[in-house]
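> Enclosed is the structure file start19.cif (mmCIF, C-alpha atoms and all ligand atoms).
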data_model
#
loop_
_atom_site.group_PDB
_atom_site.id
_atom_site.type_symbol
_atom_site.label_atom_id
_atom_site.label_comp_id
_atom_site.auth_asym_id
_atom_site.auth_seq_id
_atom_site.Cartn_x
_atom_site.Cartn_y
_atom_site.Cartn_z
ATOM 1 C CA MET Y 10 58.751 -36.793 -16.666
ATOM 2 C CA ASN Y 11 61.311 -36.277 -19.432
ATOM 3 C CA ASP Y 12 60.338 -34.935 -22.867
ATOM 4 C CA LEU Y 13 60.279 -38.333 -24.519
ATOM 5 C CA ASP Y 14 57.925 -39.781 -21.900
ATOM 6 C CA TYR Y 15 55.769 -36.639 -21.992
ATOM 7 C CA TYR Y 16 55.128 -36.862 -25.737
ATOM 8 C CA GLN Y 17 54.670 -40.631 -25.629
ATOM 9 C CA GLU Y 18 52.013 -40.189 -22.955
ATOM 10 C CA LYS Y 19 50.308 -37.476 -25.050
ATOM 11 C CA ARG Y 20 50.339 -39.844 -28.036
ATOM 12 C CA ARG Y 21 48.778 -42.599 -25.924
ATOM 13 C CA GLN Y 22 46.044 -40.244 -24.682
ATOM 14 C CA HIS Y 23 45.350 -38.990 -28.223
ATOM 15 C CA LEU Y 24 45.047 -42.516 -29.639
ATOM 16 C CA GLU Y 25 43.267 -44.255 -26.758
ATOM 17 C CA ASP Y 26 41.188 -41.500 -25.147
ATOM 18 C CA GLY Y 27 40.734 -39.517 -28.371
ATOM 19 C CA PHE Y 28 42.176 -36.245 -27.055
ATOM 20 C CA CYS Y 29 45.051 -34.658 -25.133
ATOM 21 C CA ILE Y 30 46.147 -31.233 -23.898
ATOM 22 C CA ILE Y 31 49.511 -29.689 -24.738
ATOM 23 C CA GLU Y 32 50.010 -26.949 -22.187
ATOM 24 C CA ASN Y 33 50.985 -23.384 -22.940
ATOM 25 C CA VAL Y 34 51.488 -23.505 -26.716
ATOM 26 C CA LEU Y 35 50.243 -20.098 -27.819
ATOM 27 C CA PRO Y 36 52.732 -17.271 -27.079
ATOM 28 C CA PRO Y 37 51.124 -14.486 -24.932
ATOM 29 C CA GLU Y 38 51.379 -11.819 -27.651
ATOM 30 C CA MET Y 39 49.633 -14.091 -30.146
ATOM 31 C CA LEU Y 40 46.948 -14.928 -27.593
ATOM 32 C CA GLN Y 41 46.291 -11.210 -27.213
ATOM 33 C CA GLU Y 42 46.250 -10.713 -31.008
ATOM 34 C CA MET Y 43 43.722 -13.570 -31.348
ATOM 35 C CA ARG Y 44 41.518 -12.126 -28.588
ATOM 36 C CA GLU Y 45 41.389 -8.695 -30.234
ATOM 37 C CA LEU Y 46 40.830 -10.061 -33.740
ATOM 38 C CA THR Y 47 38.134 -12.555 -32.749
ATOM 39 C CA ASP Y 48 36.344 -9.998 -30.556
ATOM 40 C CA ARG Y 49 36.059 -7.689 -33.596
ATOM 41 C CA LEU Y 50 34.728 -10.499 -35.795
ATOM 42 C CA ILE Y 51 32.264 -11.750 -33.163
ATOM 43 C CA ASP Y 52 30.945 -8.223 -32.495
ATOM 44 C CA ALA Y 53 30.084 -7.950 -36.216
ATOM 45 C CA VAL Y 54 27.843 -11.071 -36.258
ATOM 46 C CA PRO Y 55 24.180 -10.080 -36.811
ATOM 47 C CA GLU Y 56 21.781 -10.812 -33.937
ATOM 48 C CA SER Y 57 19.664 -13.034 -36.238
ATOM 49 C CA ASP Y 58 22.647 -15.427 -36.625
ATOM 50 C CA ASN Y 59 23.242 -15.461 -32.873
ATOM 51 C CA LYS Y 60 19.653 -16.642 -32.345
ATOM 52 C CA LYS Y 61 20.166 -19.528 -34.785
ATOM 53 C CA GLN Y 62 23.361 -20.534 -32.969
ATOM 54 C CA ARG Y 63 22.391 -20.367 -29.323
ATOM 55 C CA SER Y 64 23.922 -23.771 -28.609
ATOM 56 C CA THR Y 65 27.133 -23.602 -30.644
ATOM 57 C CA GLY Y 66 27.766 -19.894 -30.262
ATOM 58 C CA SER Y 67 29.274 -18.023 -33.227
ATOM 59 C CA MET Y 68 30.440 -20.161 -36.164
ATOM 60 C CA ILE Y 69 32.714 -17.783 -38.045
ATOM 61 C CA PRO Y 70 34.972 -19.387 -40.692
ATOM 62 C CA VAL Y 71 38.599 -18.312 -40.243
ATOM 63 C CA GLY Y 72 38.544 -17.433 -43.967
ATOM 64 C CA ARG Y 73 41.649 -16.086 -45.599
ATOM 65 C CA ASN Y 74 42.972 -13.892 -42.807
ATOM 66 C CA PRO Y 75 46.808 -14.139 -42.583
ATOM 67 C CA ALA Y 76 46.604 -14.039 -38.757
ATOM 68 C CA PHE Y 77 44.809 -17.394 -38.823
ATOM 69 C CA ALA Y 78 47.317 -18.779 -41.337
ATOM 70 C CA LYS Y 79 49.942 -17.927 -38.689
ATOM 71 C CA LEU Y 80 47.928 -19.850 -36.099
ATOM 72 C CA ALA Y 81 47.450 -22.889 -38.360
ATOM 73 C CA THR Y 82 51.179 -23.037 -39.057
ATOM 74 C CA LEU Y 83 52.245 -22.327 -35.455
ATOM 75 C CA GLN Y 84 55.556 -24.133 -35.100
ATOM 76 C CA PRO Y 85 55.386 -25.055 -31.376
ATOM 77 C CA ALA Y 86 52.070 -26.832 -32.046
ATOM 78 C CA LEU Y 87 53.346 -28.674 -35.116
ATOM 79 C CA ASP Y 88 56.601 -29.552 -33.319
ATOM 80 C CA ALA Y 89 54.651 -31.044 -30.403
ATOM 81 C CA TYR Y 90 52.448 -33.019 -32.790
ATOM 82 C CA GLY Y 91 55.557 -34.199 -34.654
ATOM 83 C CA ARG Y 92 57.101 -35.398 -31.397
ATOM 84 C CA MET Y 93 53.897 -37.354 -30.767
ATOM 85 C CA GLY Y 94 54.501 -39.113 -34.099
ATOM 86 C CA PHE Y 95 52.117 -37.085 -36.214
ATOM 87 C CA ASP Y 96 53.794 -35.146 -38.971
ATOM 88 C CA ASP Y 97 52.929 -34.386 -42.594
ATOM 89 C CA VAL Y 98 50.047 -32.413 -41.098
ATOM 90 C CA ARG Y 99 47.635 -30.767 -43.542
ATOM 91 C CA PHE Y 100 45.138 -28.052 -42.689
ATOM 92 C CA SER Y 101 41.722 -27.463 -44.255
ATOM 93 C CA SER Y 102 39.648 -24.884 -42.412
ATOM 94 C CA GLY Y 103 38.653 -23.515 -39.050
ATOM 95 C CA TYR Y 104 35.981 -21.701 -37.043
ATOM 96 C CA ILE Y 105 35.788 -19.082 -34.339
ATOM 97 C CA ILE Y 106 33.274 -20.495 -31.877
ATOM 98 C CA SER Y 107 32.283 -18.087 -29.173
ATOM 99 C CA LYS Y 108 29.741 -18.884 -26.478
ATOM 100 C CA PRO Y 109 28.106 -15.632 -25.401
ATOM 101 C CA PRO Y 110 27.469 -14.841 -21.720
ATOM 102 C CA HIS Y 111 24.529 -16.873 -20.346
ATOM 103 C CA SER Y 112 24.268 -19.284 -23.272
ATOM 104 C CA PRO Y 113 23.064 -22.905 -23.207
ATOM 105 C CA PRO Y 114 25.278 -26.007 -23.492
ATOM 106 C CA LEU Y 115 26.682 -27.249 -26.805
ATOM 107 C CA PHE Y 116 25.081 -30.576 -27.815
ATOM 108 C CA TRP Y 117 26.926 -33.908 -28.079
ATOM 109 C CA HIS Y 118 28.284 -34.537 -31.570
ATOM 110 C CA PHE Y 119 31.208 -35.835 -33.590
ATOM 111 C CA ASP Y 120 32.636 -34.003 -36.580
ATOM 112 C CA TRP Y 121 33.910 -36.811 -38.837
ATOM 113 C CA MET Y 122 32.057 -37.196 -42.120
ATOM 114 C CA GLY Y 123 34.031 -39.973 -43.824
ATOM 115 C CA TRP Y 124 32.522 -42.974 -42.030
ATOM 116 C CA ALA Y 125 31.940 -44.815 -45.322
ATOM 117 C CA HIS Y 126 35.662 -45.680 -45.530
ATOM 118 C CA PRO Y 127 36.949 -48.672 -43.471
ATOM 119 C CA ARG Y 128 40.000 -46.633 -42.435
ATOM 120 C CA SER Y 129 37.591 -44.628 -40.216
ATOM 121 C CA TYR Y 130 37.382 -47.617 -37.851
ATOM 122 C CA GLU Y 131 41.112 -47.902 -37.174
ATOM 123 C CA ILE Y 132 42.870 -46.417 -34.161
ATOM 124 C CA GLU Y 133 44.990 -43.803 -36.016
ATOM 125 C CA PRO Y 134 43.076 -40.565 -36.541
ATOM 126 C CA VAL Y 135 42.290 -39.212 -40.013
ATOM 127 C CA GLN Y 136 41.051 -35.752 -39.028
ATOM 128 C CA THR Y 137 41.894 -33.945 -35.807
ATOM 129 C CA PHE Y 138 40.935 -30.681 -34.174
ATOM 130 C CA PHE Y 139 43.392 -28.178 -32.773
ATOM 131 C CA MET Y 140 41.374 -26.104 -30.289
ATOM 132 C CA TYR Y 141 42.787 -22.908 -28.808
ATOM 133 C CA TYR Y 142 40.584 -21.490 -26.031
ATOM 134 C CA LEU Y 143 41.253 -17.778 -25.600
ATOM 135 C CA VAL Y 144 40.184 -17.683 -21.923
ATOM 136 C CA ASP Y 145 40.712 -20.132 -19.068
ATOM 137 C CA THR Y 146 37.766 -22.528 -19.142
ATOM 138 C CA ASN Y 147 35.817 -24.349 -16.439
ATOM 139 C CA ARG Y 148 32.334 -25.781 -15.855
ATOM 140 C CA SER Y 149 30.870 -22.311 -15.296
ATOM 141 C CA ASN Y 150 31.963 -20.664 -18.537
ATOM 142 C CA GLY Y 151 31.445 -23.585 -20.933
ATOM 143 C CA CYS Y 152 34.498 -25.827 -20.934
ATOM 144 C CA LEU Y 153 34.746 -28.735 -23.346
ATOM 145 C CA ARG Y 154 33.307 -32.133 -22.313
ATOM 146 C CA VAL Y 155 34.262 -35.403 -23.992
ATOM 147 C CA ILE Y 156 33.492 -39.115 -23.802
ATOM 148 C CA PRO Y 157 36.942 -40.739 -23.762
ATOM 149 C CA GLY Y 158 37.285 -43.653 -26.194
ATOM 150 C CA SER Y 159 34.057 -42.814 -28.079
ATOM 151 C CA HIS Y 160 36.073 -42.196 -31.273
ATOM 152 C CA LEU Y 161 36.685 -45.962 -31.401
ATOM 153 C CA ARG Y 162 33.966 -47.664 -29.378
ATOM 154 C CA ASP Y 163 30.201 -47.877 -29.796
ATOM 155 C CA HIS Y 164 28.319 -45.626 -27.394
ATOM 156 C CA PRO Y 165 24.541 -45.468 -26.721
ATOM 157 C CA LEU Y 166 24.583 -41.834 -27.920
ATOM 158 C CA HIS Y 167 25.594 -42.975 -31.419
ATOM 159 C CA ASP Y 168 22.028 -44.271 -31.918
ATOM 160 C CA GLN Y 169 20.402 -41.120 -30.595
ATOM 161 C CA LEU Y 170 22.198 -38.244 -32.280
ATOM 162 C CA GLU Y 171 20.422 -35.873 -34.668
ATOM 163 C CA ASP Y 172 22.358 -34.332 -37.540
ATOM 164 C CA ALA Y 173 24.630 -31.765 -35.885
ATOM 165 C CA HIS Y 174 23.197 -29.010 -38.109
ATOM 166 C CA ALA Y 175 19.554 -29.627 -37.118
ATOM 167 C CA PRO Y 176 17.997 -26.302 -36.010
ATOM 168 C CA VAL Y 177 16.421 -28.009 -32.974
ATOM 169 C CA LEU Y 178 20.004 -28.520 -31.751
ATOM 170 C CA THR Y 179 21.707 -25.328 -32.889
ATOM 171 C CA ARG Y 180 18.854 -23.229 -31.466
ATOM 172 C CA ALA Y 181 18.890 -25.324 -28.239
ATOM 173 C CA GLU Y 182 15.118 -25.636 -28.435
ATOM 174 C CA ASN Y 183 14.761 -28.730 -26.265
ATOM 175 C CA LEU Y 184 17.342 -29.316 -23.547
ATOM 176 C CA GLU Y 185 15.592 -32.603 -22.711
ATOM 177 C CA MET Y 186 17.039 -34.214 -25.865
ATOM 178 C CA ALA Y 187 19.762 -36.849 -25.418
ATOM 179 C CA GLU Y 188 22.249 -34.513 -27.093
ATOM 180 C CA PHE Y 189 22.076 -32.172 -24.100
ATOM 181 C CA LYS Y 190 21.984 -34.764 -21.322
ATOM 182 C CA THR Y 191 24.807 -35.481 -18.894
ATOM 183 C CA GLN Y 192 26.479 -38.777 -19.804
ATOM 184 C CA PRO Y 193 27.738 -41.137 -17.083
ATOM 185 C CA ASP Y 194 31.153 -41.514 -18.747
ATOM 186 C CA GLU Y 195 31.763 -37.893 -19.750
ATOM 187 C CA VAL Y 196 34.741 -35.894 -18.479
ATOM 188 C CA ASP Y 197 35.332 -32.153 -18.353
ATOM 189 C CA VAL Y 198 38.325 -30.714 -20.212
ATOM 190 C CA PRO Y 199 39.096 -27.388 -18.507
ATOM 191 C CA VAL Y 200 42.145 -25.586 -19.910
ATOM 192 C CA LYS Y 201 44.255 -22.482 -19.491
ATOM 193 C CA ALA Y 202 44.084 -19.862 -22.240
ATOM 194 C CA GLY Y 203 46.792 -20.690 -24.768
ATOM 195 C CA ASP Y 204 46.813 -24.452 -24.148
ATOM 196 C CA LEU Y 205 46.247 -26.601 -27.217
ATOM 197 C CA VAL Y 206 43.575 -29.317 -27.128
ATOM 198 C CA ILE Y 207 44.174 -31.923 -29.824
ATOM 199 C CA GLY Y 208 41.302 -34.325 -30.474
ATOM 200 C CA ASP Y 209 40.045 -36.916 -32.920
ATOM 201 C CA SER Y 210 37.135 -35.682 -35.058
ATOM 202 C CA ARG Y 211 35.324 -38.994 -34.331
ATOM 203 C CA LEU Y 212 35.257 -38.229 -30.587
ATOM 204 C CA LEU Y 213 31.877 -37.465 -28.998
ATOM 205 C CA HIS Y 214 32.199 -34.001 -27.501
ATOM 206 C CA ALA Y 215 30.060 -31.140 -26.188
ATOM 207 C CA ALA Y 216 30.511 -28.057 -24.002
ATOM 208 C CA HIS Y 217 28.927 -26.843 -20.774
ATOM 209 C CA ALA Y 218 26.627 -23.828 -20.706
ATOM 210 C CA ASN Y 219 28.310 -20.479 -20.255
ATOM 211 C CA SER Y 220 26.663 -19.135 -17.114
ATOM 212 C CA THR Y 221 29.094 -16.250 -16.647
ATOM 213 C CA GLU Y 222 29.000 -12.591 -17.773
ATOM 214 C CA THR Y 223 31.929 -13.083 -20.151
ATOM 215 C CA ARG Y 224 32.229 -14.483 -23.674
ATOM 216 C CA ARG Y 225 34.088 -17.799 -24.032
ATOM 217 C CA THR Y 226 35.869 -18.136 -27.379
ATOM 218 C CA VAL Y 227 37.652 -21.088 -28.953
ATOM 219 C CA ILE Y 228 39.335 -21.282 -32.359
ATOM 220 C CA THR Y 229 38.957 -24.768 -33.848
ATOM 221 C CA LEU Y 230 41.334 -25.672 -36.688
ATOM 222 C CA TRP Y 231 40.912 -28.881 -38.717
ATOM 223 C CA MET Y 232 44.069 -30.894 -39.320
ATOM 224 C CA PHE Y 233 44.896 -34.159 -41.117
ATOM 225 C CA PRO Y 234 48.012 -35.808 -39.609
ATOM 226 C CA ASN Y 235 50.178 -38.204 -41.647
ATOM 227 C CA PHE Y 236 48.082 -37.214 -44.645
ATOM 228 C CA GLY Y 237 50.462 -38.805 -47.169
ATOM 229 C CA GLN Y 238 49.737 -42.224 -45.646
ATOM 230 C CA LEU Y 239 45.941 -42.005 -46.026
ATOM 231 C CA PRO Y 240 44.223 -44.184 -48.643
ATOM 232 C CA PRO Y 241 43.857 -42.033 -51.822
ATOM 233 C CA PRO Y 242 39.993 -42.008 -51.729
ATOM 234 C CA LEU Y 243 40.207 -40.415 -48.270
ATOM 235 C CA GLN Y 244 42.789 -37.927 -49.488
ATOM 236 C CA ALA Y 245 40.382 -37.042 -52.299
ATOM 237 C CA PHE Y 246 37.580 -36.754 -49.703
ATOM 238 C CA VAL Y 247 39.648 -34.265 -47.724
ATOM 239 C CA VAL Y 248 40.450 -32.277 -50.857
ATOM 240 C CA ALA Y 249 36.785 -32.245 -51.968
ATOM 241 C CA VAL Y 250 34.954 -31.704 -48.686
ATOM 242 C CA ARG Y 251 37.496 -29.845 -46.635
ATOM 243 C CA GLY Y 252 39.981 -28.253 -48.981
ATOM 244 C CA ARG Y 253 37.673 -25.559 -50.169
ATOM 245 C CA ASN Y 254 39.794 -22.467 -49.862
ATOM 246 C CA PRO Y 255 42.452 -23.119 -52.471
ATOM 247 C CA GLN Y 256 43.389 -19.519 -53.072
ATOM 248 C CA TRP Y 257 44.391 -18.934 -49.446
ATOM 249 C CA PHE Y 258 46.935 -21.745 -49.623
ATOM 250 C CA VAL Y 259 48.527 -20.236 -52.700
ATOM 251 C CA GLU Y 260 48.749 -16.780 -51.140
ATOM 252 C CA ASP Y 261 50.485 -17.931 -47.970
ATOM 253 C CA PRO Y 262 53.757 -19.770 -48.651
ATOM 254 C CA VAL Y 263 53.943 -21.443 -45.215
ATOM 255 C CA LEU Y 264 50.365 -22.605 -45.477
ATOM 256 C CA ALA Y 265 51.070 -23.943 -48.984
ATOM 257 C CA ALA Y 266 53.061 -26.793 -47.432
ATOM 258 C CA MET Y 267 49.952 -27.782 -45.413
ATOM 259 C CA ARG Y 268 47.518 -27.830 -48.308
ATOM 260 C CA PRO Y 269 45.727 -31.192 -48.724
ATOM 261 C CA ASP Y 270 46.358 -32.511 -52.240
ATOM 262 C CA CYS Y 271 45.967 -35.814 -54.034
ATOM 263 C CA PRO Y 272 46.647 -37.266 -57.464
ATOM 264 C CA PRO Y 273 44.015 -36.435 -60.098
ATOM 265 C CA GLY Y 274 41.300 -38.914 -61.076
ATOM 266 C CA ILE Y 275 40.830 -40.546 -57.671
ATOM 267 C CA GLU Y 276 37.219 -41.130 -56.657
ATOM 268 C CA ALA Y 277 36.584 -39.565 -53.251
ATOM 269 C CA THR Y 278 35.016 -41.488 -50.364
ATOM 270 C CA PRO Y 279 31.404 -40.205 -50.232
ATOM 271 C CA ASP Y 280 30.409 -37.780 -47.508
ATOM 272 C CA SER Y 281 28.800 -39.888 -44.740
ATOM 273 C CA ARG Y 282 27.854 -39.052 -41.163
ATOM 274 C CA THR Y 283 26.533 -42.578 -40.570
ATOM 275 C CA ARG Y 284 28.814 -44.497 -38.281
ATOM 276 C CA PHE Y 285 28.531 -48.288 -38.506
ATOM 277 C CA ARG Y 286 28.499 -50.266 -35.277
ATOM 278 C CA ARG Y 287 31.446 -52.611 -34.769
ATOM 279 C CA GLU Y 288 29.192 -55.651 -35.218
ATOM 280 C CA ASP Y 289 27.567 -54.298 -38.449
HETATM 281 O O1 LIG Y 301 32.731 -24.838 -28.216
HETATM 282 C C1 LIG Y 301 33.430 -25.756 -27.832
HETATM 283 O O2 LIG Y 301 33.969 -25.768 -26.730
HETATM 284 C C2 LIG Y 301 33.652 -26.958 -28.713
HETATM 285 C C3 LIG Y 301 33.577 -26.654 -30.182
HETATM 286 C C4 LIG Y 301 33.333 -27.884 -31.015
HETATM 287 O O3 LIG Y 301 32.669 -28.797 -30.618
HETATM 288 C C5 LIG Y 301 33.914 -28.023 -32.337
HETATM 289 O O4 LIG Y 301 34.637 -27.138 -32.783
HETATM 290 O O5 LIG Y 301 33.660 -29.081 -32.965
#
Would you put the structure from the file into structure tokens?
Ligand SMILES: O=C(O)CCC(=O)C(=O)O

Amino acid sequence: MNDLDYYQEKRRQHLEDGFCIIENVLPPEMLQEMRELTDRLIDAVPESDNKKQRSTGSMIPVGRNPAFAKLATLQPALDAYGRMGFDDVRFSSGYIISKPPHSPPLFWHFDWMGWAHPRSYEIEPVQTFFMYYLVDTNRSNGCLRVIPGSHLRDHPLHDQLEDAHAPVLTRAENLEMAEFKTQPDEVDVPVKAGDLVIGDSRLLHAAHANSTETRRTVITLWMFPNFGQLPPPLQAFVVAVRGRNPQWFVEDPVLAAMRPDCPPGIEATPDSRTRFRRED
């Protein structure tokens, strides 16, 4: 497959399935740097927090560390996204999510919170995740699982999901809940360390349990492609809900170009996790 066909196919997967994998994006030395840095941060998390986050694993904000600014602005990733037709990419925040050895599955959820705006029901994504797994993943150590197309289509799970922050989910108190059940249309997304998984924040996704002896870490970064073309109330939503680390963007000149901004005086789309059915 030539380059043009490759990126067109990735674009198709991203739009229609809700996710795609760009192989081998993170240079080996940066992968190593990320492993060492995240290991230090994860080791410092108090045990009481780990208990509250049995299902998700650690939820450490990437904060204002310049190493993560370097990851968010990684040129090979932005070049690939540009070749897929997504440029003017803005960045808001990110998390280090590490499933400890022998930890339960991550529950089904979506991450989009702007469902009140009609633009949320169109095919083009508003918010996307860039996920960098720092180890090879598979069913045994907690690879990502997704329901292809669920970013656009109604799915029975949409009527069953608890708020993703509910302690009953984050503590994995009841694995009999729908959020933890195998879905007939789910697919595994195993990757090699250093691959980039790009996905739509509306996509229903989860992760398998980590039944190995080794920690499984992913860095999730939140991006907004073609930001300049979004309706202004959604731009204001991104600035209000997501753009909460303004100082970091000023300190890092490369990151400054990826700061979500909008004209003053625009009323933001309200924060809403309620997704309307197509027939509503
Ligand atoms: O831990 C994972 O594999 C997935 C993380 C996730 O769902 C997220 O960042 O929204």
> Using the chain letters and numbers from the file, which residues does the PyMOL selection byres (((chain Y and resi 73-76) around 12) and not hetatm) grab, as a VMD selection string?
chain Y and resid 39 to 47 50 69 to 72 77 to 83 101 to 104 253 to 264
> Choose the residue, out of Y:Thr221, Y:Ser129, Y:Thr278, Y:Ser64, that has the smallest atom-to-atom separation from ligand LIG 301 (chain Y); count all atoms listed in the file.
Y:Ser64
> At most 12 Å from (34.4, -41.5, -56.9), file frame, all atoms listed in the file: which residues, as a list in words?
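Checking each residue against the 12 Å limit leaves Pro241, Pro242, Leu243, Gln244, Ala245, Phe246, Ala249, Pro273, Gly274, Ile275, Glu276, Ala277, Thr278, Pro279 and Asp280 of chain Y.
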> Applied to the shown file, which residues does the PyMOL selection byres (((chain Y and resi 235) around 8) and not hetatm) return, written as a ChimeraX atom specification?
/Y:95-98,233-234,236-239
> Could you list, as a list in words, all residues that come within 7 Å of ligand LIG 301 (chain Y)? Count all atoms listed in the file.
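If we count all atoms listed in the file, the neighbours of ligand LIG 301 (chain Y) turn out to be Thr65, Ile106, Ser107, Lys108, Leu115, Asp120, Gly151, Cys152, Leu153, His214, Ala215, Ala216, Val227 and Thr229 of chain Y.
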> May I ask for the distance between CA of Thr179 in chain Y and CA of Arg99 in chain Y, given in Å to one decimal place?
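One can read the CA of Thr179 in chain Y to CA of Arg99 in chain Y distance as 28.6 Å.
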> Can you work out which one of Y:Gly94, Y:Arg268, Y:Trp231, Y:Ser67 has the shortest atom-to-atom distance to Lys19 in chain Y, counting all atoms listed in the file?
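Nearest candidate to Lys19 in chain Y out of Y:Gly94, Y:Arg268, Y:Trp231, Y:Ser67: Y:Gly94.
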